[in-house]
Each structure stands twice: as structure tokens, then as C-alpha cells.
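Structure record follows, encoded as C-alpha cells.
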Amino acid sequence: MRLSPETEAAGYRLLSLDATGSTNDDALDAARSGDPGQLWIVAAEQHAGRGRHGRQWSSPPGNLYASLLLLDPCEMAVAPQLGFVAGLALHEAVEVVTGIGAPRLSLKWPNDLLLDGAKVSGLLLEGHSVEPGRRAIIIGMGVNVCYSPEGTPYPTANLQTLKSGLTREDVFLALSDAFAKTFAAWRASSRMNVADPFGAIRRLWLERAAGVGREVTLRLPSGEKKGIFEGLDRSGRLQLKGPAGVELVDAGDLYFPNFSTI
């Protein structure tokens, strides 16, 4: 497992583990121990991997399990946008290593990468206060490289169906490079005096998004809502058009007709 010289020059570091409980937990431990951030933690196997809402994430050997620790990367109000930055990096990385892009490869709001409608990668964004005035943002990503979990309530896929012999090392090298470039572009845009600094990332994400313009169902703590997925607002909230107009949704589980997901 390695980083490219360009990504190392941008300040990123790598800790590669044979096995661990959760790379996200390892990243949090590193932050609490005073790590300066821009640290990738990659494990060959996880014993306690998790997805959104604490759901278990299957982590057999051969797939990619990686978490990135960032310290105070942005104002907390815009930190959710990092999920879209990471999603774009995942999409670019898989396209680089497989040669397959949109529309077969698509992003599902807010945190999944799909291949022909089946989940090939998930993303978990977490924020923690690690000391007074400091905030750790941890981006965890799991990519099905050679193994597709079974017994899930949604279809799954793996990348070796597209390119035999592909390894998690190949995917990580492309992912770490893609994230460094996309993150740098996002930060530069955020620092510019422009009316919509999230605009470029939002446009690129929507060009790769699944379900835009289609009827979808959102499962929320308050119940289910149906409507047309119109797009994203300037903060990354989903725009759901229903009989009463457009509603903005911060988080939820998105379902397409004939497609289930966690």
C-alpha cells in the first residue's frame, strides 16, 4: 500500500494495517493522540466496520477499507460537503482503474457508489471534538474490490467483475490521488469570494448522480416521503418535489423504484 509522490508532497501520510476493528475508530484515536491530520489509515481486514447509523459493514480480506483523518479542514457549517468531495473522488478513482464511468457508475445520495445500480462502495462521514477548539473530520470508505457482500437488502457488486486482477492497492492509489486533487479544488473554491463556492462540486456530483429527475422514496425518522429528486441545494440537501412544492432534506435513506438500499 502506498501514496503517490504527488499526494505525499501535498502533506498526506499513510498508516497501513493488516487488521483492525475499525479504521474510523483508529483515525479518531490518532486525532485524540495529537495527530496533525491528513492521515490515511488502511486495513486489509476490519472486525468492527460500520456504516451509517452504526450499521455493520462487512469487511472481508481483499476489499478496500480506508479512513482519512482531517483536522479543522473547514467551517463546521460546510463540513457535510466533504461527503460529496469524497464521493466524487471515489467515482473518479473507480473510473481510472476500471475504465467505466457514468452512467454505469453513479453516485447515490448521500453516500453510496453504484455500479449498474448495485452498491460497490459506501462512505461514512464523522465529526468529533478532540480538544477545545479543534474538530476532527473522518471520512471512512469501503470499496468492494473482489468480494460482494451477500445477504444484504440491496444488490451489491465488486470491481473485479469489470477488471480481473484488480487489487485494493490499485484502488487506494487512485482514490488517494483523486481525493487530494478534489479536496484542494474544493478548498480553493471555498476561499474565493464567490456567491456559490459549492457550485462546481455540486454540478460535478449531479452529473454522476443516480435518480435525478425520477420519483424516489426517502425513509426518514418521521416516516416515508415520495417525490421527484430534483437536485441539491447550495448546502448539499436533497431537493424533493412533492404536491406541496420542493422540500429540502438533510439526511435520509434513498430508495429508487425496484431498488432497495440501507
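Within each chain, counting starts at residue 1; across the C-alpha cells, chains are named A, B, ... in the order shown, with ligands numbered 1 upward in that order.
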Taking only C-alpha atoms into account, produce a table as CSV in which each residue of segment 165-202 of chain A with an atom at most 10 Å from an atom of segment 7-30 of chain A appears once, together with its shortest atom pair and the distance in Å to one decimal, ordered by chain and rising number.
```
residue,atom,partner,partner_atom,distance
A:Leu173,CA,A:Thr7,CA,9.4
A:Ser176,CA,A:Thr7,CA,7.2
A:Asp177,CA,A:Thr7,CA,5.9
A:Ala178,CA,A:Thr7,CA,9.2
A:Phe179,CA,A:Thr7,CA,9.2
A:Ala180,CA,A:Thr7,CA,6.4
A:Lys181,CA,A:Thr7,CA,8.6
A:Ala184,CA,A:Ala10,CA,9.2
```
Neighbour list for Pro197 of chain A as a compact mmCIF listing (two decimals) with N, CA, C and O atoms, in the first residue's frame, cut-off 12 Å, only C-alpha atoms, skip fewer than 6 positions in-chain:
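File produced: out-v4.txt:
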```
# COMPACT_ATOMS: atom_id res chain seq x y z
N VAL A 78 -20.06 23.84 6.72
CA VAL A 78 -19.92 23.31 5.37
C VAL A 78 -19.28 21.92 5.36
O VAL A 78 -19.06 21.33 4.30
N GLN A 81 -20.33 18.97 3.10
CA GLN A 81 -19.94 18.97 1.69
C GLN A 81 -18.78 18.02 1.42
O GLN A 81 -18.59 17.58 0.28
N ALA A 185 -9.22 21.47 -4.81
CA ALA A 185 -10.06 22.34 -5.64
C ALA A 185 -11.24 22.88 -4.84
O ALA A 185 -11.61 24.06 -4.98
N TRP A 186 -11.84 22.04 -4.00
CA TRP A 186 -12.97 22.48 -3.17
C TRP A 186 -12.53 23.56 -2.18
O TRP A 186 -13.22 24.56 -2.00
N ARG A 187 -11.39 23.37 -1.55
CA ARG A 187 -10.91 24.36 -0.58
C ARG A 187 -10.59 25.68 -1.27
O ARG A 187 -10.87 26.76 -0.74
N ALA A 188 -9.99 25.60 -2.45
CA ALA A 188 -9.68 26.83 -3.18
C ALA A 188 -10.94 27.58 -3.54
O ALA A 188 -11.02 28.82 -3.40
N SER A 189 -11.98 26.86 -3.98
CA SER A 189 -13.25 27.49 -4.31
C SER A 189 -13.90 28.09 -3.08
O SER A 189 -14.47 29.19 -3.13
N SER A 190 -13.80 27.39 -1.94
CA SER A 190 -14.42 27.88 -0.70
C SER A 190 -13.77 29.16 -0.21
O SER A 190 -14.42 29.98 0.43
N ARG A 191 -12.49 29.34 -0.52
CA ARG A 191 -11.77 30.52 -0.06
C ARG A 191 -11.95 31.72 -0.98
O ARG A 191 -11.61 32.84 -0.62
N ARG A 203 -22.30 20.57 -9.15
CA ARG A 203 -22.55 20.29 -10.57
C ARG A 203 -21.91 18.97 -10.99
O ARG A 203 -22.56 18.14 -11.64
N ARG A 234 -27.66 24.56 -2.24
CA ARG A 234 -26.30 25.06 -2.09
C ARG A 234 -25.56 24.46 -0.89
O ARG A 234 -24.35 24.66 -0.76
N SER A 235 -26.27 23.74 -0.03
CA SER A 235 -25.63 23.09 1.11
C SER A 235 -25.50 21.59 0.93
O SER A 235 -24.96 20.90 1.79
N GLY A 236 -26.03 21.05 -0.18
CA GLY A 236 -25.98 19.62 -0.40
C GLY A 236 -27.22 18.89 0.05
O GLY A 236 -27.28 17.65 0.00
```
Sel. of strand (DSSP E) residues, segment 16-239 of chain A, as a PyMOL selection string:
chain A and resi 16-17+39-43+64-71+105-108+112-115+118-131+134-143+215-220+223-232+238-239
Same residues, C-alpha atoms, output as a PDB file, in the first residue's frame:
```pdb
ATOM      1  CA  SER A  16      -1.310   0.519   6.661  1.00  0.00           C
ATOM      2  CA  LEU A  17      -2.606  -2.236   8.975  1.00  0.00           C
ATOM      3  CA  LEU A  39      -3.607  10.745   7.674  1.00  0.00           C
ATOM      4  CA  TRP A  40      -4.925   7.786   5.696  1.00  0.00           C
ATOM      5  CA  ILE A  41      -5.477   4.592   7.692  1.00  0.00           C
ATOM      6  CA  VAL A  42      -5.968   1.477   5.572  1.00  0.00           C
ATOM      7  CA  ALA A  43      -6.620  -2.056   6.809  1.00  0.00           C
ATOM      8  CA  LEU A  64     -10.512  -1.758   0.480  1.00  0.00           C
ATOM      9  CA  TYR A  65     -11.161  -0.274   3.928  1.00  0.00           C
ATOM     10  CA  ALA A  66      -9.744   3.225   4.307  1.00  0.00           C
ATOM     11  CA  SER A  67     -10.326   6.229   6.529  1.00  0.00           C
ATOM     12  CA  LEU A  68      -8.932   9.724   6.158  1.00  0.00           C
ATOM     13  CA  LEU A  69      -8.392  11.977   9.175  1.00  0.00           C
ATOM     14  CA  LEU A  70      -8.631  15.735   8.609  1.00  0.00           C
ATOM     15  CA  LEU A  71      -8.187  18.294  11.381  1.00  0.00           C
ATOM     16  CA  LEU A 105     -21.058   4.147 -12.454  1.00  0.00           C
ATOM     17  CA  SER A 106     -23.204   6.531 -10.425  1.00  0.00           C
ATOM     18  CA  LEU A 107     -23.414   8.302  -7.074  1.00  0.00           C
ATOM     19  CA  LYS A 108     -26.415   7.768  -4.821  1.00  0.00           C
ATOM     20  CA  ASP A 112     -23.016   5.341  -1.988  1.00  0.00           C
ATOM     21  CA  LEU A 113     -21.282   4.480  -5.241  1.00  0.00           C
ATOM     22  CA  LEU A 114     -23.275   2.231  -7.579  1.00  0.00           C
ATOM     23  CA  LEU A 115     -22.203   0.022 -10.453  1.00  0.00           C
ATOM     24  CA  ALA A 118     -25.657  -2.214  -7.348  1.00  0.00           C
ATOM     25  CA  LYS A 119     -23.720  -0.887  -4.374  1.00  0.00           C
ATOM     26  CA  VAL A 120     -19.972  -1.127  -4.863  1.00  0.00           C
ATOM     27  CA  SER A 121     -18.854   1.358  -2.209  1.00  0.00           C
ATOM     28  CA  GLY A 122     -20.122   3.134   0.876  1.00  0.00           C
ATOM     29  CA  LEU A 123     -18.924   6.241   2.660  1.00  0.00           C
ATOM     30  CA  LEU A 124     -19.190   7.348   6.290  1.00  0.00           C
ATOM     31  CA  LEU A 125     -18.501  10.945   7.342  1.00  0.00           C
ATOM     32  CA  GLU A 126     -17.998  11.581  11.068  1.00  0.00           C
ATOM     33  CA  GLY A 127     -17.111  14.689  13.075  1.00  0.00           C
ATOM     34  CA  HIS A 128     -15.625  14.761  16.583  1.00  0.00           C
ATOM     35  CA  SER A 129     -14.383  17.394  19.003  1.00  0.00           C
ATOM     36  CA  VAL A 130     -10.930  16.194  20.034  1.00  0.00           C
ATOM     37  CA  GLU A 131      -9.809  19.113  22.178  1.00  0.00           C
ATOM     38  CA  ARG A 134     -10.335  21.537  17.407  1.00  0.00           C
ATOM     39  CA  ARG A 135     -12.539  19.341  15.266  1.00  0.00           C
ATOM     40  CA  ALA A 136     -11.660  16.064  13.585  1.00  0.00           C
ATOM     41  CA  ILE A 137     -13.431  15.072  10.383  1.00  0.00           C
ATOM     42  CA  ILE A 138     -13.092  11.394   9.496  1.00  0.00           C
ATOM     43  CA  ILE A 139     -14.082  10.046   6.089  1.00  0.00           C
ATOM     44  CA  GLY A 140     -14.385   6.279   6.013  1.00  0.00           C
ATOM     45  CA  MET A 141     -14.698   4.435   2.708  1.00  0.00           C
ATOM     46  CA  GLY A 142     -15.212   0.770   1.913  1.00  0.00           C
ATOM     47  CA  VAL A 143     -14.897  -0.446  -1.665  1.00  0.00           C
ATOM     48  CA  GLU A 215     -39.554   9.510  -8.487  1.00  0.00           C
ATOM     49  CA  VAL A 216     -37.852   8.350  -5.295  1.00  0.00           C
ATOM     50  CA  THR A 217     -38.783   7.407  -1.760  1.00  0.00           C
ATOM     51  CA  LEU A 218     -36.986   8.820   1.250  1.00  0.00           C
ATOM     52  CA  ARG A 219     -37.142   6.914   4.515  1.00  0.00           C
ATOM     53  CA  LEU A 220     -36.844   9.353   7.398  1.00  0.00           C
ATOM     54  CA  GLY A 223     -41.736   8.245   8.056  1.00  0.00           C
ATOM     55  CA  GLU A 224     -41.536   7.890   4.290  1.00  0.00           C
ATOM     56  CA  LYS A 225     -41.788  10.665   1.742  1.00  0.00           C
ATOM     57  CA  LYS A 226     -42.184  10.289  -2.014  1.00  0.00           C
ATOM     58  CA  GLY A 227     -41.445  12.800  -4.702  1.00  0.00           C
ATOM     59  CA  ILE A 228     -39.188  13.763  -7.583  1.00  0.00           C
ATOM     60  CA  PHE A 229     -35.460  14.029  -6.879  1.00  0.00           C
ATOM     61  CA  GLU A 230     -34.850  17.500  -8.338  1.00  0.00           C
ATOM     62  CA  GLY A 231     -31.237  18.037  -7.287  1.00  0.00           C
ATOM     63  CA  LEU A 232     -29.169  19.500  -4.456  1.00  0.00           C
ATOM     64  CA  LEU A 238     -31.685  16.873  -1.384  1.00  0.00           C
ATOM     65  CA  GLN A 239     -34.468  18.747  -3.182  1.00  0.00           C
TER      66      GLN A 239
END
```
Residues at most 9 Å from segment 154-157 of chain A, counting only C-alpha atoms, excluding those fewer than 2 positions away in the same chain, as a PyMOL selection string?
chain A and resi 114-121+144-152+159-161+259-262
Residues just named, written with N, CA and C atoms as a short mmCIF file (atom, residue, chain, number, x, y, z; two decimals), in the first residue's frame:
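Below is the file result_13.cif, written as the result:
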```
data_model
loop_
_atom_site.label_atom_id
_atom_site.label_comp_id
_atom_site.auth_asym_id
_atom_site.auth_seq_id
_atom_site.Cartn_x
_atom_site.Cartn_y
_atom_site.Cartn_z
N LEU A 114 -22.57 3.34 -6.97
CA LEU A 114 -23.28 2.23 -7.58
C LEU A 114 -22.63 1.85 -8.90
N LEU A 115 -22.63 0.55 -9.16
CA LEU A 115 -22.20 0.02 -10.45
C LEU A 115 -23.38 -0.73 -11.05
N ASP A 116 -23.90 -0.23 -12.15
CA ASP A 116 -25.09 -0.82 -12.78
C ASP A 116 -26.22 -0.98 -11.76
N GLY A 117 -26.37 0.01 -10.88
CA GLY A 117 -27.44 0.01 -9.90
C GLY A 117 -27.16 -0.77 -8.64
N ALA A 118 -26.01 -1.43 -8.53
CA ALA A 118 -25.66 -2.21 -7.35
C ALA A 118 -24.57 -1.50 -6.55
N LYS A 119 -24.65 -1.61 -5.24
CA LYS A 119 -23.72 -0.89 -4.37
C LYS A 119 -22.33 -1.50 -4.45
N VAL A 120 -21.35 -0.67 -4.78
CA VAL A 120 -19.97 -1.13 -4.86
C VAL A 120 -19.11 -0.45 -3.82
N SER A 121 -19.62 0.64 -3.22
CA SER A 121 -18.85 1.36 -2.21
C SER A 121 -19.79 2.17 -1.32
N ASN A 144 -15.87 -2.49 -2.53
CA ASN A 144 -15.89 -3.91 -2.88
C ASN A 144 -14.98 -4.13 -4.09
N VAL A 145 -13.79 -4.59 -3.84
CA VAL A 145 -12.83 -4.82 -4.91
C VAL A 145 -12.98 -6.22 -5.50
N CYS A 146 -12.94 -7.23 -4.63
CA CYS A 146 -13.00 -8.61 -5.12
C CYS A 146 -14.15 -9.40 -4.51
N TYR A 147 -14.84 -8.83 -3.53
CA TYR A 147 -15.88 -9.57 -2.81
C TYR A 147 -17.12 -8.70 -2.70
N SER A 148 -18.28 -9.29 -3.02
CA SER A 148 -19.57 -8.60 -2.87
C SER A 148 -20.31 -9.21 -1.70
N PRO A 149 -20.63 -8.44 -0.67
CA PRO A 149 -21.34 -9.00 0.48
C PRO A 149 -22.64 -9.67 0.06
N GLU A 150 -22.96 -10.76 0.72
CA GLU A 150 -24.19 -11.49 0.45
C GLU A 150 -25.19 -11.27 1.58
N GLY A 151 -26.44 -11.55 1.31
CA GLY A 151 -27.47 -11.44 2.33
C GLY A 151 -27.83 -10.01 2.69
N THR A 152 -27.55 -9.08 1.80
CA THR A 152 -27.88 -7.68 2.05
C THR A 152 -29.26 -7.35 1.46
N LEU A 159 -15.54 -4.78 -8.09
CA LEU A 159 -14.83 -4.22 -9.24
C LEU A 159 -14.10 -5.25 -10.08
N GLN A 160 -13.80 -6.42 -9.51
CA GLN A 160 -13.12 -7.42 -10.31
C GLN A 160 -14.02 -8.00 -11.40
N THR A 161 -15.33 -7.76 -11.31
CA THR A 161 -16.20 -8.17 -12.42
C THR A 161 -15.94 -7.31 -13.64
N PHE A 259 -35.49 -0.81 -6.33
CA PHE A 259 -34.12 -0.84 -5.82
C PHE A 259 -34.17 -0.51 -4.34
N SER A 260 -33.61 -1.39 -3.50
CA SER A 260 -33.59 -1.17 -2.07
C SER A 260 -32.17 -0.91 -1.61
N THR A 261 -32.03 -0.15 -0.57
CA THR A 261 -30.71 0.13 -0.01
C THR A 261 -30.84 0.39 1.47
N ILE A 262 -29.71 0.31 2.16
CA ILE A 262 -29.69 0.64 3.57
C ILE A 262 -29.56 2.14 3.73
#
```
Mind checking DSSP for segment 10-210 of chain A and telling me the alpha helix (DSSP H) residues as an MDAnalysis selection string?
chainID A and resid 23:32 81:98 168:191 199:207
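Shortest atom-to-atom contact with Arg2 of chain A among A:Asn158, A:Val85, A:Asp170, A:Arg208: A:Asp170, counting only C-alpha atoms.
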Report, in Å to a single decimal, how far apart atom CA of Pro80 of chain A and atom CA of Ala174 of chain A are.
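Computed distance, atom CA of Ala174 of chain A to atom CA of Pro80 of chain A, equals 22.8 Å.
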Restricting the calculation to only C-alpha atoms, which member of A:Pro103, A:Gly199, A:Gly165, A:Pro132 is positioned closest to Val212 of chain A?
A:Pro103
Quick one: pull the distance between atom CA of Ser59 of chain A and atom CA of Arg168 of chain A, Å, one decimal.
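A separation of 12.6 Å between them.
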